[in-house]
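Data block below; observations after.
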Amino acid sequence: MTQSGEKSSAVLKLVRRAASLLMAAVMITASAISVSDNSVIPTALSVSASSTVEVAKVIAKSSYTSTTTAVRINWNKVSGATGYRIYRYNSSTKKWDKIATIKKGSATSYRNSGLEAGTAYKYKVKAYIKIDGVNYWGEASSAITASTKLATVKLKGEARINSSATHPYNKQTSALTIRWNEVSGAERYQIYIKGGKYDSWTKVKTVKASKTSYTVTGLKRNTTYKFKVRATSSDVKGKFSSVQTLKTARIDYDQAGWKAMCRIVYHEVGMINSSVWDEPIVHVADCVVNRYEAAKYLNDSTWAPYYKKYSSIQDVIYKSGNFMSSSRLTKDGATYANCTAKVKLAVYGALYNKVTVSDIKHNKKIYYWSNTSSKPTSSKVEYTYKIPWGYFNIWNDYWG
């Protein structure tokens, strides 16, 4: 072979070699497909340069279910999908965090637990198809929002005996305090009222989560009100609590006044706790409250001259001369410590016109009681009870 022929053959070999390398590079590059959010790697060489793997975009649903600590999101199934990846938005980093991969193509929901109550979360979902050990990813769904619930507020019960927790001292005729248990995740509480001038449910106040009670003022004396409370956050409104029914009192009193009323009732029924005395206990409590109400709130012509000058119910009982002094009650054993639960319930019932003892109704038109040796025949006598030493009488007018 001539020198020129050898050169031509060498050049031809180099051209063929270059063409072969170029073709291999083209095939490898063409078959490279994204398999993750931030990386591109070549697929198996068995996939030709001209083939493509299309994975449909997930359609996430706006509907979801939730508890106080978890949400369940939903999406439409992607045909041919091998599984799905769930992302949740991180408001701190401003990025989407991968929180779960579901290796089941038929899956159409995911439950995310361990969440904060009363909080909104954003999610996206991607589908993938796995071929020859390689995952091919579709486009992420549009973002959806799902919120955890707030627990339902639980109201605390009415404090009735020797307490200002529900009925603030010296404001019982015009104020009521609503109390409830703290709700995790709450940012505020909304208090609603119905009754009196509030013909329908009205939001009377919104308080911060640091408060678990609120005193509603400006209420009407001797009036029934209903209350309900719910927790809220910036994202969620919780369900309303059960309705609580409370009533303002007929008279105002403080702790000393409460004890004075209990002591005089206990004393006047002979400091006896027998059920035989249930009606006298209830009606003596009525007489005490009725007289003070008539004098101080109704300006009654019979009782106002006697009691209106006194600033409190305990002054009427201890100082007016129509009942008994504190020292005399103590001497007779009628201390507050000795007062029975039945007496205390009867006094509470008289103050709020509620049946509290043996289904005995209160009577707002009785004012006086007395013992007599014989049964009285006066029309002023409302009730007469036979007792070992005579008769115990309840009068609807001044005795005499």
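Note on naming: chains are A, B, ... as they come in the structure tokens, residues start from 1 per chain, ligands start from 1 in the order shown.
The list of residues with at least one atom within 6 Å of segment 145-154 of chain A, based on only C-alpha atoms and without residues fewer than 6 positions apart in the same chain, reads Ser66, Thr67, Thr68, Ala117, Gly118, Thr119, Ala120, Tyr121, Lys122, Trp180, Asn181, Arg230, Gly238, Lys239 and Ser241 of chain A.
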Contact residues around segment 199-208 of chain A with only C-alpha atoms at 12 Å, ignoring same-chain residues under 4 positions, as an NGL selection string: :A and (178 or 182-183 or 185-195 or 212-219 or 225-233 or 240 or 243)
Selection: 8 Å around segment 318-325 of chain A, only C-alpha atoms, excl. self and same-chain fewer than 6 positions, as a list in words: Ala260, Ile264, Tyr306 and Tyr307 of chain A
Dump of N, CA, C and O atoms for the selected residues, as an mmCIF file, in the first residue's frame:
```cif
data_model
loop_
_atom_site.group_PDB
_atom_site.id
_atom_site.type_symbol
_atom_site.label_atom_id
_atom_site.label_comp_id
_atom_site.auth_asym_id
_atom_site.auth_seq_id
_atom_site.Cartn_x
_atom_site.Cartn_y
_atom_site.Cartn_z
ATOM 1 N N ALA A 260 -74.595 35.322 107.194
ATOM 2 C CA ALA A 260 -75.637 35.811 108.100
ATOM 3 C C ALA A 260 -76.989 35.208 107.742
ATOM 4 O O ALA A 260 -77.757 34.796 108.633
ATOM 5 N N ILE A 264 -79.185 32.716 110.365
ATOM 6 C CA ILE A 264 -80.494 33.029 110.919
ATOM 7 C C ILE A 264 -81.521 31.976 110.522
ATOM 8 O O ILE A 264 -82.374 31.580 111.325
ATOM 9 N N TYR A 306 -88.278 49.996 107.867
ATOM 10 C CA TYR A 306 -87.491 49.213 108.811
ATOM 11 C C TYR A 306 -86.042 48.992 108.335
ATOM 12 O O TYR A 306 -85.096 49.068 109.128
ATOM 13 N N TYR A 307 -85.889 48.717 107.041
ATOM 14 C CA TYR A 307 -84.606 48.184 106.587
ATOM 15 C C TYR A 307 -83.850 49.031 105.560
ATOM 16 O O TYR A 307 -82.676 48.775 105.310
#
```
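Each of A:Gly333, A:Pro280, A:Gly138, A:Gly114 was compared to Val78 of chain A using only C-alpha atoms, and A:Gly138 turns out to be the nearest.
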Spatial neighbours of Ser275 of chain A, 10 Å, only C-alpha atoms, chain gap at least 3 places, as a list of chain:residue names: A:Ile272, A:Asp278, A:Glu279, A:Pro280, A:Ile281, A:Lys342, A:Val357, A:Ser358
In segment 220-308 of chain A, DSSP alpha helix (DSSP H) residues written as an MDAnalysis selection string: chainID A and resid 255:268 278:296 304:307
The selected residues should be written to file as a compact mmCIF listing (two decimals), in the first residue's frame (atoms: N, CA, C and O atoms).
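So result_25.txt came out as:
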```
# COMPACT_ATOMS: atom_id res chain seq x y z
N GLN A 255 -69.77 37.97 101.31
CA GLN A 255 -69.61 36.71 102.03
C GLN A 255 -70.21 36.78 103.43
O GLN A 255 -70.85 35.82 103.89
N ALA A 256 -70.04 37.92 104.10
CA ALA A 256 -70.60 38.08 105.44
C ALA A 256 -72.12 38.03 105.39
O ALA A 256 -72.77 37.47 106.28
N GLY A 257 -72.70 38.61 104.35
CA GLY A 257 -74.15 38.58 104.19
C GLY A 257 -74.67 37.18 103.94
O GLY A 257 -75.71 36.77 104.48
N TRP A 258 -73.95 36.43 103.11
CA TRP A 258 -74.32 35.04 102.85
C TRP A 258 -74.34 34.24 104.15
O TRP A 258 -75.30 33.51 104.43
N LYS A 259 -73.30 34.37 104.93
CA LYS A 259 -73.22 33.61 106.18
C LYS A 259 -74.30 34.04 107.17
O LYS A 259 -74.86 33.20 107.88
N ALA A 260 -74.60 35.32 107.19
CA ALA A 260 -75.64 35.81 108.10
C ALA A 260 -76.99 35.21 107.74
O ALA A 260 -77.76 34.80 108.63
N MET A 261 -77.32 35.14 106.47
CA MET A 261 -78.59 34.56 106.05
C MET A 261 -78.67 33.09 106.43
O MET A 261 -79.70 32.61 106.94
N CYS A 262 -77.60 32.36 106.19
CA CYS A 262 -77.60 30.93 106.54
C CYS A 262 -77.75 30.73 108.05
O CYS A 262 -78.49 29.84 108.51
N ARG A 263 -77.08 31.55 108.82
CA ARG A 263 -77.11 31.39 110.28
C ARG A 263 -78.50 31.65 110.85
O ARG A 263 -78.97 30.90 111.72
N ILE A 264 -79.19 32.72 110.37
CA ILE A 264 -80.49 33.03 110.92
C ILE A 264 -81.52 31.98 110.52
O ILE A 264 -82.37 31.58 111.32
N VAL A 265 -81.43 31.45 109.30
CA VAL A 265 -82.36 30.39 108.88
C VAL A 265 -82.12 29.14 109.73
O VAL A 265 -83.06 28.52 110.23
N TYR A 266 -80.87 28.78 109.89
CA TYR A 266 -80.51 27.59 110.68
C TYR A 266 -81.04 27.73 112.11
O TYR A 266 -81.60 26.77 112.68
N HIS A 267 -80.89 28.90 112.66
CA HIS A 267 -81.34 29.13 114.04
C HIS A 267 -82.85 29.03 114.16
O HIS A 267 -83.39 28.38 115.06
N GLU A 268 -83.57 29.65 113.22
CA GLU A 268 -85.02 29.77 113.34
C GLU A 268 -85.77 28.47 113.07
O GLU A 268 -86.95 28.36 113.41
N ASP A 278 -88.07 20.51 106.12
CA ASP A 278 -87.66 20.99 104.80
C ASP A 278 -88.46 22.22 104.36
O ASP A 278 -87.89 23.21 103.89
N GLU A 279 -89.79 22.15 104.49
CA GLU A 279 -90.61 23.30 104.08
C GLU A 279 -90.34 24.53 104.94
O GLU A 279 -90.18 25.63 104.41
N PRO A 280 -90.31 24.41 106.28
CA PRO A 280 -89.97 25.60 107.07
C PRO A 280 -88.60 26.18 106.71
O PRO A 280 -88.44 27.41 106.66
N ILE A 281 -87.61 25.32 106.43
CA ILE A 281 -86.29 25.83 106.04
C ILE A 281 -86.39 26.66 104.77
O ILE A 281 -85.86 27.78 104.69
N VAL A 282 -87.08 26.13 103.78
CA VAL A 282 -87.22 26.84 102.50
C VAL A 282 -87.95 28.17 102.70
O VAL A 282 -87.53 29.22 102.20
N HIS A 283 -89.00 28.15 103.46
CA HIS A 283 -89.84 29.34 103.57
C HIS A 283 -89.28 30.39 104.52
O HIS A 283 -89.53 31.60 104.35
N VAL A 284 -88.52 29.99 105.51
CA VAL A 284 -87.83 30.99 106.33
C VAL A 284 -86.77 31.69 105.47
O VAL A 284 -86.60 32.92 105.57
N ALA A 285 -86.07 30.93 104.64
CA ALA A 285 -85.10 31.55 103.73
C ALA A 285 -85.81 32.54 102.81
O ALA A 285 -85.29 33.65 102.54
N ASP A 286 -87.01 32.18 102.35
CA ASP A 286 -87.79 33.10 101.52
C ASP A 286 -88.10 34.39 102.28
O ASP A 286 -87.95 35.50 101.75
N CYS A 287 -88.53 34.25 103.52
CA CYS A 287 -88.90 35.44 104.30
C CYS A 287 -87.73 36.40 104.46
O CYS A 287 -87.89 37.62 104.33
N VAL A 288 -86.54 35.86 104.72
CA VAL A 288 -85.36 36.72 104.91
C VAL A 288 -85.06 37.50 103.63
O VAL A 288 -84.87 38.73 103.66
N VAL A 289 -85.03 36.82 102.52
CA VAL A 289 -84.70 37.47 101.24
C VAL A 289 -85.84 38.40 100.81
O VAL A 289 -85.59 39.52 100.35
N ASN A 290 -87.09 37.96 100.99
CA ASN A 290 -88.23 38.78 100.57
C ASN A 290 -88.27 40.12 101.28
O ASN A 290 -88.55 41.16 100.67
N ARG A 291 -88.01 40.12 102.58
CA ARG A 291 -88.05 41.37 103.34
C ARG A 291 -87.00 42.36 102.85
O ARG A 291 -87.28 43.54 102.66
N TYR A 292 -85.79 41.86 102.66
CA TYR A 292 -84.70 42.76 102.24
C TYR A 292 -84.97 43.27 100.82
O TYR A 292 -84.77 44.45 100.54
N GLU A 293 -85.42 42.40 99.94
CA GLU A 293 -85.73 42.83 98.57
C GLU A 293 -86.84 43.89 98.58
O GLU A 293 -86.76 44.90 97.87
N ALA A 294 -87.87 43.64 99.37
CA ALA A 294 -88.99 44.59 99.43
C ALA A 294 -88.54 45.97 99.89
O ALA A 294 -88.98 47.00 99.36
N ALA A 295 -87.64 45.99 100.87
CA ALA A 295 -87.18 47.27 101.42
C ALA A 295 -86.20 47.98 100.49
O ALA A 295 -86.33 49.18 100.24
N LYS A 296 -85.21 47.26 99.96
CA LYS A 296 -84.09 47.88 99.24
C LYS A 296 -84.33 48.02 97.75
O LYS A 296 -83.77 48.92 97.11
N ALA A 304 -89.68 48.98 103.86
CA ALA A 304 -88.67 50.03 103.61
C ALA A 304 -88.37 50.86 104.86
O ALA A 304 -87.21 51.14 105.16
N PRO A 305 -89.39 51.26 105.63
CA PRO A 305 -89.08 52.05 106.84
C PRO A 305 -88.20 51.31 107.84
O PRO A 305 -87.45 51.92 108.60
N TYR A 306 -88.28 50.00 107.87
CA TYR A 306 -87.49 49.21 108.81
C TYR A 306 -86.04 48.99 108.34
O TYR A 306 -85.10 49.07 109.13
N TYR A 307 -85.89 48.72 107.04
CA TYR A 307 -84.61 48.18 106.59
C TYR A 307 -83.85 49.03 105.56
O TYR A 307 -82.68 48.77 105.31
```
d(atom CA of Ala159 of chain A, atom CA of Ala175 of chain A) in Å: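 Rounded to one decimal, the two atoms are 13.8 Å apart.
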